[in-house]
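For reference, query25.cif (mmCIF, C-alpha atoms):
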```cif
data_query
#
loop_
_atom_site.group_PDB
_atom_site.id
_atom_site.type_symbol
_atom_site.label_atom_id
_atom_site.label_comp_id
_atom_site.auth_asym_id
_atom_site.auth_seq_id
_atom_site.Cartn_x
_atom_site.Cartn_y
_atom_site.Cartn_z
ATOM 1 C CA MET A 1 -65.108 62.181 111.349
ATOM 2 C CA ALA A 2 -63.915 58.629 110.528
ATOM 3 C CA ASN A 3 -67.355 57.306 111.489
ATOM 4 C CA LEU A 4 -69.027 59.756 109.074
ATOM 5 C CA LEU A 5 -66.795 58.611 106.194
ATOM 6 C CA LYS A 6 -67.488 54.982 107.028
ATOM 7 C CA ARG A 7 -71.258 55.565 106.804
ATOM 8 C CA ARG A 8 -71.015 57.459 103.511
ATOM 9 C CA ARG A 9 -68.665 54.989 101.813
ATOM 10 C CA PRO A 10 -71.494 52.841 100.307
ATOM 11 C CA VAL A 11 -73.098 55.986 98.866
ATOM 12 C CA LEU A 12 -69.762 57.095 97.430
ATOM 13 C CA PHE A 13 -69.183 53.721 95.758
ATOM 14 C CA THR A 14 -72.703 53.770 94.339
ATOM 15 C CA VAL A 15 -72.181 57.252 92.878
ATOM 16 C CA ILE A 16 -68.825 56.248 91.372
ATOM 17 C CA GLY A 17 -70.339 53.068 89.910
ATOM 18 C CA ALA A 18 -73.266 54.962 88.400
ATOM 19 C CA THR A 19 -70.914 57.548 86.914
ATOM 20 C CA VAL A 20 -68.730 54.874 85.298
ATOM 21 C CA ALA A 21 -71.785 53.005 83.950
ATOM 22 C CA THR A 22 -73.196 56.223 82.479
ATOM 23 C CA GLY A 23 -69.870 56.992 80.836
ATOM 24 C CA VAL A 24 -69.630 53.526 79.298
ATOM 25 C CA ALA A 25 -73.212 53.749 77.989
ATOM 26 C CA ALA A 26 -72.587 57.213 76.512
ATOM 27 C CA TYR A 27 -69.407 55.982 74.817
ATOM 28 C CA ALA A 28 -71.211 52.959 73.334
ATOM 29 C CA TYR A 29 -74.071 55.163 72.103
ATOM 30 C CA ALA A 30 -71.645 57.632 70.489
ATOM 31 C CA ARG A 31 -69.743 54.807 68.730
ATOM 32 C CA ARG A 32 -72.989 53.374 67.377
ATOM 33 C CA LYS A 33 -73.971 56.764 65.912
ATOM 34 C CA LEU A 34 -70.690 56.912 63.943
ATOM 35 C CA HIS A 35 -72.047 54.281 61.558
ATOM 36 C CA PRO A 36 -75.078 54.286 59.275
ATOM 37 C CA THR A 37 -77.977 52.002 60.164
ATOM 38 C CA LEU A 38 -77.056 48.344 59.802
ATOM 39 C CA PRO A 39 -79.557 46.454 57.625
ATOM 40 C CA THR A 40 -80.528 42.908 58.555
ATOM 41 C CA VAL A 41 -82.305 40.174 56.640
ATOM 42 C CA ALA A 42 -86.068 40.662 56.332
ATOM 43 C CA HIS A 43 -87.030 37.609 58.398
ATOM 44 C CA VAL A 44 -85.416 34.640 60.133
ATOM 45 C CA ASN A 45 -87.267 31.392 60.757
ATOM 46 C CA LEU A 46 -85.869 30.574 64.195
ATOM 47 C CA HIS A 47 -86.812 26.896 63.888
ATOM 48 C CA LYS A 48 -84.654 26.577 60.750
ATOM 49 C CA TYR A 49 -81.825 28.623 62.324
ATOM 50 C CA MET A 50 -81.507 26.258 65.287
ATOM 51 C CA GLY A 51 -78.794 23.621 65.367
ATOM 52 C CA LEU A 52 -75.032 23.517 64.983
ATOM 53 C CA TRP A 53 -73.062 26.222 63.164
ATOM 54 C CA TYR A 54 -69.309 26.321 62.481
ATOM 55 C CA GLU A 55 -67.405 29.583 62.672
ATOM 56 C CA VAL A 56 -65.707 30.209 59.316
ATOM 57 C CA ALA A 57 -64.283 33.638 60.160
ATOM 58 C CA ARG A 58 -64.514 36.347 62.824
ATOM 59 C CA LEU A 59 -63.204 39.736 63.757
ATOM 60 C CA PRO A 60 -60.755 39.439 66.662
ATOM 61 C CA ALA A 61 -62.443 39.392 70.063
ATOM 62 C CA ARG A 62 -60.703 38.902 73.386
ATOM 63 C CA PHE A 63 -63.242 36.279 74.446
ATOM 64 C CA GLU A 64 -62.206 34.151 71.439
ATOM 65 C CA LYS A 65 -58.455 34.645 71.694
ATOM 66 C CA GLY A 66 -56.625 31.462 70.718
ATOM 67 C CA CYS A 67 -59.843 29.686 69.690
ATOM 68 C CA GLN A 68 -59.912 27.136 66.881
ATOM 69 C CA HIS A 69 -62.574 24.633 65.829
ATOM 70 C CA VAL A 70 -65.275 27.064 67.051
ATOM 71 C CA THR A 71 -68.941 26.100 66.937
ATOM 72 C CA ALA A 72 -72.202 27.623 68.106
ATOM 73 C CA GLU A 73 -75.250 25.528 68.868
ATOM 74 C CA TYR A 74 -78.686 27.076 69.156
ATOM 75 C CA LYS A 75 -81.767 25.484 70.710
ATOM 76 C CA LEU A 76 -85.223 27.077 70.778
ATOM 77 C CA LEU A 77 -86.691 27.052 74.286
ATOM 78 C CA PRO A 78 -90.401 26.702 75.108
ATOM 79 C CA ASP A 79 -90.621 30.400 76.068
ATOM 80 C CA GLY A 80 -89.380 31.481 72.614
ATOM 81 C CA LYS A 81 -85.872 32.340 73.780
ATOM 82 C CA VAL A 82 -82.799 30.625 72.371
ATOM 83 C CA ARG A 83 -80.208 28.665 74.337
ATOM 84 C CA VAL A 84 -76.709 29.318 72.966
ATOM 85 C CA VAL A 85 -73.685 27.096 73.560
ATOM 86 C CA ASN A 86 -70.428 28.348 72.054
ATOM 87 C CA THR A 87 -67.555 25.858 71.950
ATOM 88 C CA CYS A 88 -63.904 26.687 71.324
ATOM 89 C CA HIS A 89 -60.814 24.512 71.270
ATOM 90 C CA LYS A 90 -57.980 26.528 72.794
ATOM 91 C CA GLU A 91 -54.685 26.691 70.897
ATOM 92 C CA GLY A 92 -55.402 23.831 68.498
ATOM 93 C CA LEU A 93 -58.066 21.852 66.672
ATOM 94 C CA ASN A 94 -57.990 19.208 69.398
ATOM 95 C CA GLY A 95 -57.006 21.532 72.235
ATOM 96 C CA PRO A 96 -58.813 21.892 75.534
ATOM 97 C CA VAL A 97 -62.501 22.688 75.149
ATOM 98 C CA LYS A 98 -63.895 25.954 76.465
ATOM 99 C CA LYS A 99 -67.680 26.427 76.457
ATOM 100 C CA ALA A 100 -69.800 29.504 77.043
ATOM 101 C CA THR A 101 -73.567 29.309 77.519
ATOM 102 C CA ALA A 102 -75.987 32.165 76.936
ATOM 103 C CA THR A 103 -79.624 32.988 76.330
ATOM 104 C CA ALA A 104 -80.793 35.006 73.344
ATOM 105 C CA ARG A 105 -84.083 36.723 72.603
ATOM 106 C CA ALA A 106 -85.479 38.295 69.446
ATOM 107 C CA VAL A 107 -86.071 42.037 69.785
ATOM 108 C CA ASP A 108 -88.581 42.351 66.942
ATOM 109 C CA ASP A 109 -90.870 40.287 64.706
ATOM 110 C CA THR A 110 -88.189 39.792 62.030
ATOM 111 C CA ASN A 111 -86.143 37.570 64.393
ATOM 112 C CA SER A 112 -83.074 38.993 62.645
ATOM 113 C CA LYS A 113 -82.032 41.118 65.630
ATOM 114 C CA LEU A 114 -81.301 39.265 68.823
ATOM 115 C CA LYS A 115 -79.951 40.229 72.217
ATOM 116 C CA VAL A 116 -77.576 37.666 73.706
ATOM 117 C CA GLN A 117 -76.846 37.501 77.414
ATOM 118 C CA PHE A 118 -73.875 35.482 78.682
ATOM 119 C CA PHE A 119 -74.098 37.023 82.135
ATOM 120 C CA TRP A 120 -76.575 39.346 83.753
ATOM 121 C CA PRO A 121 -77.172 42.253 83.290
ATOM 122 C CA PHE A 122 -75.139 42.641 80.092
ATOM 123 C CA GLU A 123 -76.578 41.882 76.655
ATOM 124 C CA GLY A 124 -74.898 42.014 73.259
ATOM 125 C CA ASP A 125 -76.338 42.538 69.814
ATOM 126 C CA TYR A 126 -76.491 39.575 67.431
ATOM 127 C CA TRP A 127 -77.831 40.798 64.092
ATOM 128 C CA ILE A 128 -78.238 38.444 61.135
ATOM 129 C CA LEU A 129 -77.017 40.465 58.160
ATOM 130 C CA ASP A 130 -77.035 37.814 55.442
ATOM 131 C CA LEU A 131 -78.495 34.332 55.364
ATOM 132 C CA ASP A 132 -78.996 31.483 52.925
ATOM 133 C CA LEU A 133 -82.775 31.769 53.021
ATOM 134 C CA SER A 134 -83.383 28.552 51.082
ATOM 135 C CA ASP A 135 -81.482 26.067 53.282
ATOM 136 C CA TYR A 136 -79.940 28.144 56.098
ATOM 137 C CA ARG A 137 -76.481 26.803 55.144
ATOM 138 C CA TYR A 138 -74.559 30.013 55.935
ATOM 139 C CA ALA A 139 -75.009 33.282 57.805
ATOM 140 C CA LEU A 140 -73.262 36.616 58.283
ATOM 141 C CA VAL A 141 -73.726 37.963 61.810
ATOM 142 C CA GLY A 142 -72.595 41.278 63.274
ATOM 143 C CA GLU A 143 -73.569 44.188 65.463
ATOM 144 C CA PRO A 144 -74.188 47.915 64.886
ATOM 145 C CA GLY A 145 -70.824 49.064 66.285
ATOM 146 C CA ARG A 146 -69.042 46.986 63.606
ATOM 147 C CA GLU A 147 -66.679 45.530 66.232
ATOM 148 C CA ASN A 148 -67.962 41.935 66.106
ATOM 149 C CA LEU A 149 -68.555 39.918 62.956
ATOM 150 C CA TRP A 150 -68.909 36.214 62.262
ATOM 151 C CA ILE A 151 -69.269 34.134 59.130
ATOM 152 C CA LEU A 152 -71.062 30.902 60.034
ATOM 153 C CA SER A 153 -71.671 27.692 58.103
ATOM 154 C CA ARG A 154 -73.488 24.423 58.732
ATOM 155 C CA THR A 155 -70.327 22.589 57.656
ATOM 156 C CA PRO A 156 -66.741 23.103 58.882
ATOM 157 C CA HIS A 157 -65.780 24.639 55.545
ATOM 158 C CA LEU A 158 -67.675 27.059 53.309
ATOM 159 C CA ASP A 159 -67.366 27.281 49.557
ATOM 160 C CA ARG A 160 -64.801 29.997 48.740
ATOM 161 C CA SER A 161 -67.141 31.915 46.416
ATOM 162 C CA ILE A 162 -69.803 32.168 49.140
ATOM 163 C CA ARG A 163 -67.212 33.163 51.733
ATOM 164 C CA ASP A 164 -65.819 35.877 49.433
ATOM 165 C CA ARG A 165 -69.327 37.213 48.760
ATOM 166 C CA LEU A 166 -70.049 37.427 52.498
ATOM 167 C CA VAL A 167 -66.729 39.210 53.137
ATOM 168 C CA ALA A 168 -67.546 41.705 50.356
ATOM 169 C CA HIS A 169 -71.002 42.285 51.838
ATOM 170 C CA ALA A 170 -69.472 42.911 55.283
ATOM 171 C CA ARG A 171 -67.013 45.391 53.729
ATOM 172 C CA GLU A 172 -69.931 47.257 52.110
ATOM 173 C CA LEU A 173 -71.605 47.430 55.534
ATOM 174 C CA GLY A 174 -68.533 49.100 57.038
ATOM 175 C CA PHE A 175 -66.898 46.201 58.885
ATOM 176 C CA PRO A 176 -63.062 46.154 58.998
ATOM 177 C CA VAL A 177 -62.811 42.897 57.038
ATOM 178 C CA GLU A 178 -59.058 43.327 56.602
ATOM 179 C CA ASN A 179 -58.858 42.173 60.245
ATOM 180 C CA LEU A 180 -60.852 38.962 59.731
ATOM 181 C CA LEU A 181 -59.428 35.790 61.250
ATOM 182 C CA PHE A 182 -60.282 32.608 59.369
ATOM 183 C CA THR A 183 -61.051 29.925 61.922
ATOM 184 C CA PRO A 184 -59.201 26.622 61.609
ATOM 185 C CA GLN A 185 -61.708 23.754 61.489
ATOM 186 C CA PRO A 186 -61.170 20.003 61.194
ATOM 187 C CA ILE A 187 -61.013 18.518 57.702
ATOM 188 C CA SER A 188 -63.897 16.142 58.436
ATOM 189 C CA GLU A 189 -66.318 15.759 61.292
#
```
Spell out the structure here as structure tokens.
Amino acid sequence: MANLLKRRRPVLFTVIGATVATGVAAYAYARRKLHPTLPTVAHVNLHKYMGLWYEVARLPARFEKGCQHVTAEYKLLPDGKVRVVNTCHKEGLNGPVKKATATARAVDDTNSKLKVQFFWPFEGDYWILDLDLSDYRYALVGEPGRENLWILSRTPHLDRSIRDRLVAHARELGFPVENLLFTPQPISE
């Protein structure tokens, strides 16, 4: 009897794993359907979007807990994908540096909806909801579940009127902007 259980253990773990994965996927799908469709900008020129961005504000996320002086740097790769390097200073503007590297890919011709993968096989949505289309100086980025949101700027600090407009836009889209954390950034770079 013990030998039979030992042989079936891998099958049992596979069934349990598949059941948990199905449950998580169903939960995520149900949460997404609670919200209306999330509109993105009509088109993003990926070449202009590349470079260094500063995080102005974000909704709380466990992977950014304690982060200050947060930046994201994007580099277009020869295959059309985007290399992402997120940098965070833990517990202070000059605190220890924590970096996370990912790869992103556009999911349609607008380039406004990307899938970002920090580790295989999981991908997250990165949708560009608002963008300074003339100079690409600021961006509002979120995802359909309304759990993640970022206000990004090419400079450490964004003009207050622009920031307020982006927060109002996010509120209209159904994001819980009352929970926004405004990211401390250095006074000058």
Using all atoms listed in the file, which residue out of A:Leu59, A:Leu181, A:Leu129, A:Leu140 lies closest to Arg163 of chain A?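 Of the candidates, the smallest distance to Arg163 of chain A is held by A:Leu140.
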Evaluate the PyMOL selection byres ((chain A and resi 87) around 12) against this structure - the residues, as an MDAnalysis selection string, please. chainID A and resid 52:55 63:64 67:74 84:86 88:90 93:102
Could those selected residues go to a file with C-alpha atoms, as an mmCIF file, in the coordinates of the input?
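Written output follows (out.cif):
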```cif
data_model
loop_
_atom_site.group_PDB
_atom_site.id
_atom_site.type_symbol
_atom_site.label_atom_id
_atom_site.label_comp_id
_atom_site.auth_asym_id
_atom_site.auth_seq_id
_atom_site.Cartn_x
_atom_site.Cartn_y
_atom_site.Cartn_z
ATOM 1 C CA LEU A 52 -75.032 23.517 64.983
ATOM 2 C CA TRP A 53 -73.062 26.222 63.164
ATOM 3 C CA TYR A 54 -69.309 26.321 62.481
ATOM 4 C CA GLU A 55 -67.405 29.583 62.672
ATOM 5 C CA PHE A 63 -63.242 36.279 74.446
ATOM 6 C CA GLU A 64 -62.206 34.151 71.439
ATOM 7 C CA CYS A 67 -59.843 29.686 69.690
ATOM 8 C CA GLN A 68 -59.912 27.136 66.881
ATOM 9 C CA HIS A 69 -62.574 24.633 65.829
ATOM 10 C CA VAL A 70 -65.275 27.064 67.051
ATOM 11 C CA THR A 71 -68.941 26.100 66.937
ATOM 12 C CA ALA A 72 -72.202 27.623 68.106
ATOM 13 C CA GLU A 73 -75.250 25.528 68.868
ATOM 14 C CA TYR A 74 -78.686 27.076 69.156
ATOM 15 C CA VAL A 84 -76.709 29.318 72.966
ATOM 16 C CA VAL A 85 -73.685 27.096 73.560
ATOM 17 C CA ASN A 86 -70.428 28.348 72.054
ATOM 18 C CA CYS A 88 -63.904 26.687 71.324
ATOM 19 C CA HIS A 89 -60.814 24.512 71.270
ATOM 20 C CA LYS A 90 -57.980 26.528 72.794
ATOM 21 C CA LEU A 93 -58.066 21.852 66.672
ATOM 22 C CA ASN A 94 -57.990 19.208 69.398
ATOM 23 C CA GLY A 95 -57.006 21.532 72.235
ATOM 24 C CA PRO A 96 -58.813 21.892 75.534
ATOM 25 C CA VAL A 97 -62.501 22.688 75.149
ATOM 26 C CA LYS A 98 -63.895 25.954 76.465
ATOM 27 C CA LYS A 99 -67.680 26.427 76.457
ATOM 28 C CA ALA A 100 -69.800 29.504 77.043
ATOM 29 C CA THR A 101 -73.567 29.309 77.519
ATOM 30 C CA ALA A 102 -75.987 32.165 76.936
#
```
What's the 9 Å shell around Ala61 of chain A, counting all atoms listed in the file, without same-chain residues fewer than 4 positions away, as a list of chain:residue names?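 Within the cut-off, the hits are A:Lys65, A:Glu147, A:Asn148.
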Quick one: distance from atom CA of Asp109 of chain A to atom CA of Val41 of chain A in Å, one decimal?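 These atoms are spaced 11.8 Å apart.
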Compare A:Arg154, A:Ala139, A:Gln185, A:Thr40 by their minimum atom-to-atom distance to Leu114 of chain A, counting only C-alpha atoms, and give me the closest one. A:Thr40
